[in-house]
Amino acid sequence: MSETNVPQEVRYLLFDVESVADGKLIAKTRFPSEQIGPHEAIRRLRQELLLSSGKDFIPYTYHIPVAVVIAKLAADYSLIDIVSLDQPQHRPHVITKHFWVGWEAYGFPTWVTFNGRSFDLPLMEHSAFRFGVPVPKWFNLADRTYEQFRNRYNLSSHIDVQEILTNYGATWFRGGLNLAATLLGKPGKMDVQGDMVYDLHCAGKIGDINEYCRCDVLDTYFVFLRTCVLMGKLTLETEHERVAQAKAFIEQRATDHPAYRQYLEQWGDWENPWCEAT
């Protein structure tokens, strides 16, 4: 076998989760004495949250994952593949099992997220609890604190790009992933927004949710590459090479994924001030 045919080792698993609130669970636990349906329970809880905190986003403990898209990256940060777990069924319990079993099968690669410390990973841990999926390697609580996978500062376990950019919550990253991606010329949020996922799921449009999730993964990947430049892990020149390779990857698969086609239509390149004519 030639060297070019040797499969690349997966060093990073960059992912994004789309989830929906479990209305039956909310009705049973938040409004047990009232005979209301799941949609009304969600509406009521969102209203309560909005009045109390100014935000109506339901906590992840009431959510189930309906789409998880993962980008497999090599040690040199190149894109190996992008997969959607349990596609096309997108069964929450199967998604959860594949998520954790895959992490172990690849030899515990580093998770990469944007704001995954406060939502995506806790949600997947909660889902493992809910669906009875054992994850003993992840919960290595007997190890030294700094070696535990769930340690906030263990960057060999999980790199939350937002945590890097905010110095672990010392500041806020106003604008989120959409802003960070837009700074790099990438589309950011397009037709589907996060608050539309529940309605799409109720309408049976799980495919649309999955495509939206793929775009968030692409945005996260490009923001991660620039963060690696920031940390001195990549040069700008190498980052540009990785971006060009990723674009070619998307182009090759655009016929199978409408979101990729839309992403390419709105594609932009970073305006490099270092290349201005003298």
# chains A, B, ... in the order shown; residues from 1 in each chain; ligands from 1
call {"tool": "residues_around", "arguments": {"residues": "Phe131 (chain A)", "least_positions_apart": "5", "cutoff": "10 Å", "atoms": "only C-alpha atoms", "output": "VMD selection string"}}
result
chain A and resid 92 to 94 96 to 97 126
call {"tool": "write_last_selection", "arguments": {"atoms": "N, CA and C atoms", "output": "mmCIF file, in the first residue's frame"}}
result
data_model
loop_
_atom_site.group_PDB
_atom_site.id
_atom_site.type_symbol
_atom_site.label_atom_id
_atom_site.label_comp_id
_atom_site.auth_asym_id
_atom_site.auth_seq_id
_atom_site.Cartn_x
_atom_site.Cartn_y
_atom_site.Cartn_z
ATOM 1 N N PRO A 92 -32.482 9.640 18.669
ATOM 2 C CA PRO A 92 -31.683 10.226 19.754
ATOM 3 C C PRO A 92 -30.840 9.216 20.519
ATOM 4 N N HIS A 93 -31.397 8.049 20.850
ATOM 5 C CA HIS A 93 -30.622 7.082 21.635
ATOM 6 C C HIS A 93 -29.488 6.476 20.814
ATOM 7 N N VAL A 94 -29.715 6.290 19.517
ATOM 8 C CA VAL A 94 -28.664 5.745 18.657
ATOM 9 C C VAL A 94 -27.583 6.796 18.401
ATOM 10 N N THR A 96 -26.707 9.104 20.415
ATOM 11 C CA THR A 96 -25.928 9.183 21.657
ATOM 12 C C THR A 96 -24.923 8.044 21.759
ATOM 13 N N LYS A 97 -25.359 6.837 21.464
ATOM 14 C CA LYS A 97 -24.449 5.697 21.553
ATOM 15 C C LYS A 97 -23.316 5.817 20.539
ATOM 16 N N HIS A 126 -25.751 14.139 29.346
ATOM 17 C CA HIS A 126 -27.109 13.968 29.865
ATOM 18 C C HIS A 126 -27.869 12.911 29.056
#
call {"tool": "residues_around", "arguments": {"residues": "Lys205 (chain A)", "least_positions_apart": "4", "cutoff": "12 Å", "atoms": "only C-alpha atoms", "output": "list in words"}}
result
Val66, Ala67, Pro88, Gln89, His90, Val192, Met196, Val197, Tyr198, Asp199, Leu200, His201, Ile209, Asn210, Glu211 and Tyr212 of chain A
call {"tool": "write_last_selection", "arguments": {"atoms": "N, CA, C and O atoms", "output": "PDB file, in the first residue's frame"}}
result
ATOM      1  N   VAL A  66     -31.217  15.616  18.128  1.00  0.00           N
ATOM      2  CA  VAL A  66     -31.893  15.122  16.923  1.00  0.00           C
ATOM      3  C   VAL A  66     -30.969  15.159  15.704  1.00  0.00           C
ATOM      4  O   VAL A  66     -31.307  14.616  14.656  1.00  0.00           O
ATOM      5  N   ALA A  67     -29.821  15.786  15.837  1.00  0.00           N
ATOM      6  CA  ALA A  67     -28.808  15.769  14.772  1.00  0.00           C
ATOM      7  C   ALA A  67     -27.451  16.054  15.397  1.00  0.00           C
ATOM      8  O   ALA A  67     -27.304  17.023  16.150  1.00  0.00           O
ATOM      9  N   PRO A  88     -30.262   8.201   7.964  1.00  0.00           N
ATOM     10  CA  PRO A  88     -31.261   9.283   8.000  1.00  0.00           C
ATOM     11  C   PRO A  88     -32.269   9.177   9.142  1.00  0.00           C
ATOM     12  O   PRO A  88     -33.153  10.028   9.249  1.00  0.00           O
ATOM     13  N   GLN A  89     -32.173   8.143  10.004  1.00  0.00           N
ATOM     14  CA  GLN A  89     -33.186   8.003  11.053  1.00  0.00           C
ATOM     15  C   GLN A  89     -33.062   9.072  12.140  1.00  0.00           C
ATOM     16  O   GLN A  89     -34.043   9.554  12.669  1.00  0.00           O
ATOM     17  N   HIS A  90     -31.814   9.394  12.532  1.00  0.00           N
ATOM     18  CA  HIS A  90     -31.566  10.410  13.560  1.00  0.00           C
ATOM     19  C   HIS A  90     -32.290  10.091  14.863  1.00  0.00           C
ATOM     20  O   HIS A  90     -32.926  10.954  15.472  1.00  0.00           O
ATOM     21  N   VAL A 192     -31.616  28.874   8.041  1.00  0.00           N
ATOM     22  CA  VAL A 192     -32.118  28.223   9.254  1.00  0.00           C
ATOM     23  C   VAL A 192     -31.398  28.777  10.477  1.00  0.00           C
ATOM     24  O   VAL A 192     -30.176  28.880  10.491  1.00  0.00           O
ATOM     25  N   MET A 196     -35.373  27.859  15.081  1.00  0.00           N
ATOM     26  CA  MET A 196     -36.310  27.263  14.130  1.00  0.00           C
ATOM     27  C   MET A 196     -36.297  25.735  14.184  1.00  0.00           C
ATOM     28  O   MET A 196     -37.138  25.084  13.561  1.00  0.00           O
ATOM     29  N   VAL A 197     -35.352  25.173  14.928  1.00  0.00           N
ATOM     30  CA  VAL A 197     -35.159  23.719  14.913  1.00  0.00           C
ATOM     31  C   VAL A 197     -36.387  22.981  15.429  1.00  0.00           C
ATOM     32  O   VAL A 197     -36.802  21.968  14.855  1.00  0.00           O
ATOM     33  N   TYR A 198     -36.990  23.477  16.497  1.00  0.00           N
ATOM     34  CA  TYR A 198     -38.148  22.778  17.066  1.00  0.00           C
ATOM     35  C   TYR A 198     -39.296  22.705  16.064  1.00  0.00           C
ATOM     36  O   TYR A 198     -39.906  21.641  15.881  1.00  0.00           O
ATOM     37  N   ASP A 199     -39.590  23.821  15.412  1.00  0.00           N
ATOM     38  CA  ASP A 199     -40.681  23.831  14.437  1.00  0.00           C
ATOM     39  C   ASP A 199     -40.368  22.922  13.256  1.00  0.00           C
ATOM     40  O   ASP A 199     -41.263  22.229  12.742  1.00  0.00           O
ATOM     41  N   LEU A 200     -39.125  22.908  12.819  1.00  0.00           N
ATOM     42  CA  LEU A 200     -38.738  22.016  11.717  1.00  0.00           C
ATOM     43  C   LEU A 200     -38.902  20.558  12.121  1.00  0.00           C
ATOM     44  O   LEU A 200     -39.367  19.720  11.338  1.00  0.00           O
ATOM     45  N   HIS A 201     -38.536  20.259  13.369  1.00  0.00           N
ATOM     46  CA  HIS A 201     -38.650  18.889  13.855  1.00  0.00           C
ATOM     47  C   HIS A 201     -40.116  18.472  13.933  1.00  0.00           C
ATOM     48  O   HIS A 201     -40.479  17.343  13.547  1.00  0.00           O
ATOM     49  N   ILE A 209     -32.807  20.068   9.301  1.00  0.00           N
ATOM     50  CA  ILE A 209     -32.049  20.289  10.537  1.00  0.00           C
ATOM     51  C   ILE A 209     -30.623  19.764  10.380  1.00  0.00           C
ATOM     52  O   ILE A 209     -29.648  20.414  10.778  1.00  0.00           O
ATOM     53  N   ASN A 210     -30.508  18.585   9.795  1.00  0.00           N
ATOM     54  CA  ASN A 210     -29.203  17.972   9.609  1.00  0.00           C
ATOM     55  C   ASN A 210     -28.317  18.822   8.697  1.00  0.00           C
ATOM     56  O   ASN A 210     -27.120  19.006   8.962  1.00  0.00           O
ATOM     57  N   GLU A 211     -28.895  19.349   7.628  1.00  0.00           N
ATOM     58  CA  GLU A 211     -28.121  20.187   6.713  1.00  0.00           C
ATOM     59  C   GLU A 211     -27.664  21.466   7.409  1.00  0.00           C
ATOM     60  O   GLU A 211     -26.529  21.922   7.225  1.00  0.00           O
ATOM     61  N   TYR A 212     -28.540  22.051   8.205  1.00  0.00           N
ATOM     62  CA  TYR A 212     -28.185  23.236   8.982  1.00  0.00           C
ATOM     63  C   TYR A 212     -27.017  22.934   9.919  1.00  0.00           C
ATOM     64  O   TYR A 212     -26.088  23.736  10.069  1.00  0.00           O
TER      65      TYR A 212
END
call {"tool": "atom_distance", "arguments": {"atom1": "CA of Pro38 (chain A)", "atom2": "CA of Asp16 (chain A)"}}
result
25.4 Å
call {"tool": "residues_around", "arguments": {"residues": "Gly169 (chain A)", "least_positions_apart": "4", "cutoff": "12 Å", "atoms": "only C-alpha atoms", "output": "ChimeraX atom specification"}}
result
/A:115,117-118,152,160-165,173-174
call {"tool": "write_last_selection", "arguments": {"atoms": "N, CA, C and O atoms", "output": "PDB file, in the first residue's frame"}}
result
ATOM      1  N   ASN A 115     -18.655  26.852  22.011  1.00  0.00           N
ATOM      2  CA  ASN A 115     -19.579  26.911  23.141  1.00  0.00           C
ATOM      3  C   ASN A 115     -20.072  25.522  23.549  1.00  0.00           C
ATOM      4  O   ASN A 115     -21.124  25.384  24.167  1.00  0.00           O
ATOM      5  N   ARG A 117     -18.724  23.638  25.762  1.00  0.00           N
ATOM      6  CA  ARG A 117     -18.511  23.401  27.187  1.00  0.00           C
ATOM      7  C   ARG A 117     -19.804  23.588  27.973  1.00  0.00           C
ATOM      8  O   ARG A 117     -20.058  22.850  28.937  1.00  0.00           O
ATOM      9  N   SER A 118     -20.613  24.534  27.557  1.00  0.00           N
ATOM     10  CA  SER A 118     -21.818  24.839  28.334  1.00  0.00           C
ATOM     11  C   SER A 118     -23.083  24.220  27.754  1.00  0.00           C
ATOM     12  O   SER A 118     -24.127  24.250  28.399  1.00  0.00           O
ATOM     13  N   ARG A 152     -12.054  21.318  32.857  1.00  0.00           N
ATOM     14  CA  ARG A 152     -12.306  22.474  31.983  1.00  0.00           C
ATOM     15  C   ARG A 152     -11.061  22.917  31.228  1.00  0.00           C
ATOM     16  O   ARG A 152     -11.158  23.422  30.100  1.00  0.00           O
ATOM     17  N   ASP A 160     -12.829  24.102  23.448  1.00  0.00           N
ATOM     18  CA  ASP A 160     -13.990  24.940  23.178  1.00  0.00           C
ATOM     19  C   ASP A 160     -13.445  26.271  22.664  1.00  0.00           C
ATOM     20  O   ASP A 160     -12.865  27.049  23.409  1.00  0.00           O
ATOM     21  N   VAL A 161     -13.639  26.528  21.376  1.00  0.00           N
ATOM     22  CA  VAL A 161     -13.057  27.719  20.759  1.00  0.00           C
ATOM     23  C   VAL A 161     -13.558  28.984  21.437  1.00  0.00           C
ATOM     24  O   VAL A 161     -12.796  29.941  21.624  1.00  0.00           O
ATOM     25  N   GLN A 162     -14.813  29.001  21.851  1.00  0.00           N
ATOM     26  CA  GLN A 162     -15.322  30.185  22.539  1.00  0.00           C
ATOM     27  C   GLN A 162     -14.594  30.408  23.857  1.00  0.00           C
ATOM     28  O   GLN A 162     -14.305  31.556  24.224  1.00  0.00           O
ATOM     29  N   GLU A 163     -14.266  29.339  24.563  1.00  0.00           N
ATOM     30  CA  GLU A 163     -13.520  29.481  25.811  1.00  0.00           C
ATOM     31  C   GLU A 163     -12.141  30.079  25.556  1.00  0.00           C
ATOM     32  O   GLU A 163     -11.652  30.895  26.338  1.00  0.00           O
ATOM     33  N   ILE A 164     -11.502  29.676  24.463  1.00  0.00           N
ATOM     34  CA  ILE A 164     -10.198  30.239  24.120  1.00  0.00           C
ATOM     35  C   ILE A 164     -10.326  31.732  23.849  1.00  0.00           C
ATOM     36  O   ILE A 164      -9.537  32.547  24.338  1.00  0.00           O
ATOM     37  N   LEU A 165     -11.346  32.100  23.068  1.00  0.00           N
ATOM     38  CA  LEU A 165     -11.503  33.500  22.669  1.00  0.00           C
ATOM     39  C   LEU A 165     -11.954  34.398  23.815  1.00  0.00           C
ATOM     40  O   LEU A 165     -11.757  35.614  23.753  1.00  0.00           O
ATOM     41  N   PHE A 173     -18.184  36.696  24.197  1.00  0.00           N
ATOM     42  CA  PHE A 173     -17.939  36.797  22.755  1.00  0.00           C
ATOM     43  C   PHE A 173     -19.257  37.168  22.083  1.00  0.00           C
ATOM     44  O   PHE A 173     -19.995  36.321  21.608  1.00  0.00           O
ATOM     45  N   ARG A 174     -19.546  38.454  22.095  1.00  0.00           N
ATOM     46  CA  ARG A 174     -20.802  38.943  21.527  1.00  0.00           C
ATOM     47  C   ARG A 174     -20.834  38.645  20.026  1.00  0.00           C
ATOM     48  O   ARG A 174     -19.913  38.990  19.300  1.00  0.00           O
TER      49      ARG A 174
END
call {"tool": "residues_around", "arguments": {"residues": "region 18-23 of chain A", "least_positions_apart": "4", "cutoff": "9 Å", "atoms": "only C-alpha atoms", "output": "number ranges by chain"}}
result
A: 27-28, 37-42, 58-69, 120, 123, 194, 197-198, 201, 209-210, 212-213
call {"tool": "write_last_selection", "arguments": {"atoms": "N, CA and C atoms", "output": "short mmCIF file (atom, residue, chain, number, x, y, z; two decimals), in the first residue's frame"}}
result
data_model
loop_
_atom_site.label_atom_id
_atom_site.label_comp_id
_atom_site.auth_asym_id
_atom_site.auth_seq_id
_atom_site.Cartn_x
_atom_site.Cartn_y
_atom_site.Cartn_z
N ALA A 27 -43.91 18.73 30.54
CA ALA A 27 -45.27 18.69 31.08
C ALA A 27 -45.32 17.87 32.36
N LYS A 28 -44.59 16.77 32.39
CA LYS A 28 -44.63 15.86 33.54
C LYS A 28 -43.90 16.42 34.75
N GLY A 37 -50.63 19.43 26.92
CA GLY A 37 -49.84 18.67 25.97
C GLY A 37 -48.41 19.16 25.88
N PRO A 38 -47.55 18.44 25.15
CA PRO A 38 -46.14 18.80 25.06
C PRO A 38 -45.87 20.17 24.45
N HIS A 39 -46.61 20.54 23.41
CA HIS A 39 -46.38 21.85 22.78
C HIS A 39 -46.74 22.99 23.74
N GLU A 40 -47.85 22.83 24.44
CA GLU A 40 -48.25 23.85 25.40
C GLU A 40 -47.26 23.92 26.56
N ALA A 41 -46.74 22.79 26.99
CA ALA A 41 -45.75 22.78 28.08
C ALA A 41 -44.50 23.54 27.68
N ILE A 42 -44.05 23.33 26.46
CA ILE A 42 -42.87 24.05 25.97
C ILE A 42 -43.16 25.55 25.90
N ILE A 58 -34.73 26.95 26.57
CA ILE A 58 -34.96 25.90 27.56
C ILE A 58 -33.64 25.18 27.87
N PRO A 59 -33.30 24.94 29.14
CA PRO A 59 -32.03 24.30 29.51
C PRO A 59 -31.85 22.94 28.84
N TYR A 60 -30.59 22.58 28.63
CA TYR A 60 -30.27 21.34 27.91
C TYR A 60 -30.80 20.10 28.62
N THR A 61 -31.04 20.19 29.93
CA THR A 61 -31.52 19.02 30.66
C THR A 61 -32.89 18.56 30.20
N TYR A 62 -33.60 19.41 29.48
CA TYR A 62 -34.91 19.05 28.94
C TYR A 62 -34.83 18.72 27.44
N HIS A 63 -33.61 18.64 26.90
CA HIS A 63 -33.43 18.45 25.46
C HIS A 63 -33.03 17.01 25.12
N ILE A 64 -33.28 16.66 23.87
CA ILE A 64 -32.76 15.42 23.29
C ILE A 64 -32.09 15.77 21.97
N PRO A 65 -30.98 15.11 21.63
CA PRO A 65 -30.30 15.41 20.35
C PRO A 65 -31.07 14.82 19.18
N VAL A 66 -31.22 15.62 18.13
CA VAL A 66 -31.89 15.12 16.92
C VAL A 66 -30.97 15.16 15.70
N ALA A 67 -29.82 15.79 15.84
CA ALA A 67 -28.81 15.77 14.77
C ALA A 67 -27.45 16.05 15.40
N VAL A 68 -26.50 15.21 15.11
CA VAL A 68 -25.11 15.44 15.52
C VAL A 68 -24.23 15.22 14.30
N VAL A 69 -23.54 16.26 13.90
CA VAL A 69 -22.63 16.20 12.76
C VAL A 69 -21.21 16.36 13.27
N ASP A 120 -23.22 21.62 24.26
CA ASP A 120 -23.16 20.39 23.45
C ASP A 120 -22.68 19.18 24.24
N LEU A 123 -25.02 18.20 27.11
CA LEU A 123 -26.21 17.57 26.55
C LEU A 123 -25.95 16.11 26.20
N GLY A 194 -31.16 28.70 14.93
CA GLY A 194 -31.31 27.73 16.00
C GLY A 194 -32.71 27.66 16.58
N VAL A 197 -35.35 25.17 14.93
CA VAL A 197 -35.16 23.72 14.91
C VAL A 197 -36.39 22.98 15.43
N TYR A 198 -36.99 23.48 16.50
CA TYR A 198 -38.15 22.78 17.07
C TYR A 198 -39.30 22.70 16.06
N HIS A 201 -38.54 20.26 13.37
CA HIS A 201 -38.65 18.89 13.86
C HIS A 201 -40.12 18.47 13.93
N ILE A 209 -32.81 20.07 9.30
CA ILE A 209 -32.05 20.29 10.54
C ILE A 209 -30.62 19.76 10.38
N ASN A 210 -30.51 18.58 9.80
CA ASN A 210 -29.20 17.97 9.61
C ASN A 210 -28.32 18.82 8.70
N TYR A 212 -28.54 22.05 8.20
CA TYR A 212 -28.19 23.24 8.98
C TYR A 212 -27.02 22.93 9.92
N CYS A 213 -27.06 21.76 10.53
CA CYS A 213 -26.01 21.35 11.45
C CYS A 213 -24.67 21.22 10.72
#
call {"tool": "select_by_dssp", "arguments": {"residues": "region 169-218 of chain A", "states": "alpha helix (DSSP H)", "output": "ChimeraX atom specification"}}
result
/A:176-183,197-202,206-218
call {"tool": "closest_atom_pairs", "arguments": {"of": "region 53-76 of chain A", "to": "region 243-265 of chain A", "cutoff": "12 Å", "atoms": "only C-alpha atoms", "output": "tab-separated table"}}
result
residue	atom	partner	partner_atom	distance
A:Ala71	CA	A:Ala246	CA	10.9
A:Lys72	CA	A:Ala246	CA	11.8
A:Leu73	CA	A:Ala246	CA	10.9
call {"tool": "atom_distance", "arguments": {"atom1": "CA of Arg226 (chain A)", "atom2": "CA of Gln8 (chain A)"}}
result
21.9 Å
call {"tool": "closest_residue", "arguments": {"among": "A:Phe224, A:Trp267, A:Tyr77, A:Phe108", "to": "Leu177 (chain A)", "atoms": "only C-alpha atoms"}}
result
A:Phe224
call {"tool": "select_by_dssp", "arguments": {"residues": "region 47-149 of chain A", "states": "strand (DSSP E or B)", "output": "PyMOL selection string"}}
result
chain A and resi 63-73+79-84+110-113
call {"tool": "residues_around", "arguments": {"residues": "Cys228 (chain A)", "least_positions_apart": "6", "cutoff": "10 Å", "atoms": "only C-alpha atoms", "output": "PDB file with N, CA, C and O atoms, in the first residue's frame"}}
result
ATOM      1  N   TYR A  77      -4.621  19.249  11.252  1.00  0.00           N
ATOM      2  CA  TYR A  77      -5.847  20.045  11.174  1.00  0.00           C
ATOM      3  C   TYR A  77      -6.539  19.968   9.815  1.00  0.00           C
ATOM      4  O   TYR A  77      -7.466  20.738   9.541  1.00  0.00           O
ATOM      5  N   VAL A 161     -13.639  26.528  21.376  1.00  0.00           N
ATOM      6  CA  VAL A 161     -13.057  27.719  20.759  1.00  0.00           C
ATOM      7  C   VAL A 161     -13.558  28.984  21.437  1.00  0.00           C
ATOM      8  O   VAL A 161     -12.796  29.941  21.624  1.00  0.00           O
ATOM      9  N   PHE A 222     -13.681  26.432  10.281  1.00  0.00           N
ATOM     10  CA  PHE A 222     -12.881  27.562   9.807  1.00  0.00           C
ATOM     11  C   PHE A 222     -12.489  28.492  10.962  1.00  0.00           C
ATOM     12  O   PHE A 222     -11.378  29.031  10.977  1.00  0.00           O
ATOM     13  N   LEU A 234      -0.715  26.957  13.752  1.00  0.00           N
ATOM     14  CA  LEU A 234      -0.710  26.989  12.294  1.00  0.00           C
ATOM     15  C   LEU A 234      -0.188  28.334  11.828  1.00  0.00           C
ATOM     16  O   LEU A 234      -0.384  29.353  12.502  1.00  0.00           O
ATOM     17  N   THR A 235       0.442  28.341  10.676  1.00  0.00           N
ATOM     18  CA  THR A 235       0.776  29.609  10.033  1.00  0.00           C
ATOM     19  C   THR A 235      -0.417  30.045   9.178  1.00  0.00           C
ATOM     20  O   THR A 235      -1.281  29.229   8.830  1.00  0.00           O
ATOM     21  N   LEU A 236      -0.468  31.315   8.822  1.00  0.00           N
ATOM     22  CA  LEU A 236      -1.527  31.783   7.938  1.00  0.00           C
ATOM     23  C   LEU A 236      -1.504  31.039   6.607  1.00  0.00           C
ATOM     24  O   LEU A 236      -2.543  30.713   6.044  1.00  0.00           O
ATOM     25  N   GLU A 239      -3.016  27.680   7.102  1.00  0.00           N
ATOM     26  CA  GLU A 239      -4.459  27.841   7.268  1.00  0.00           C
ATOM     27  C   GLU A 239      -5.133  28.009   5.910  1.00  0.00           C
ATOM     28  O   GLU A 239      -6.171  27.381   5.635  1.00  0.00           O
TER      29      GLU A 239
END
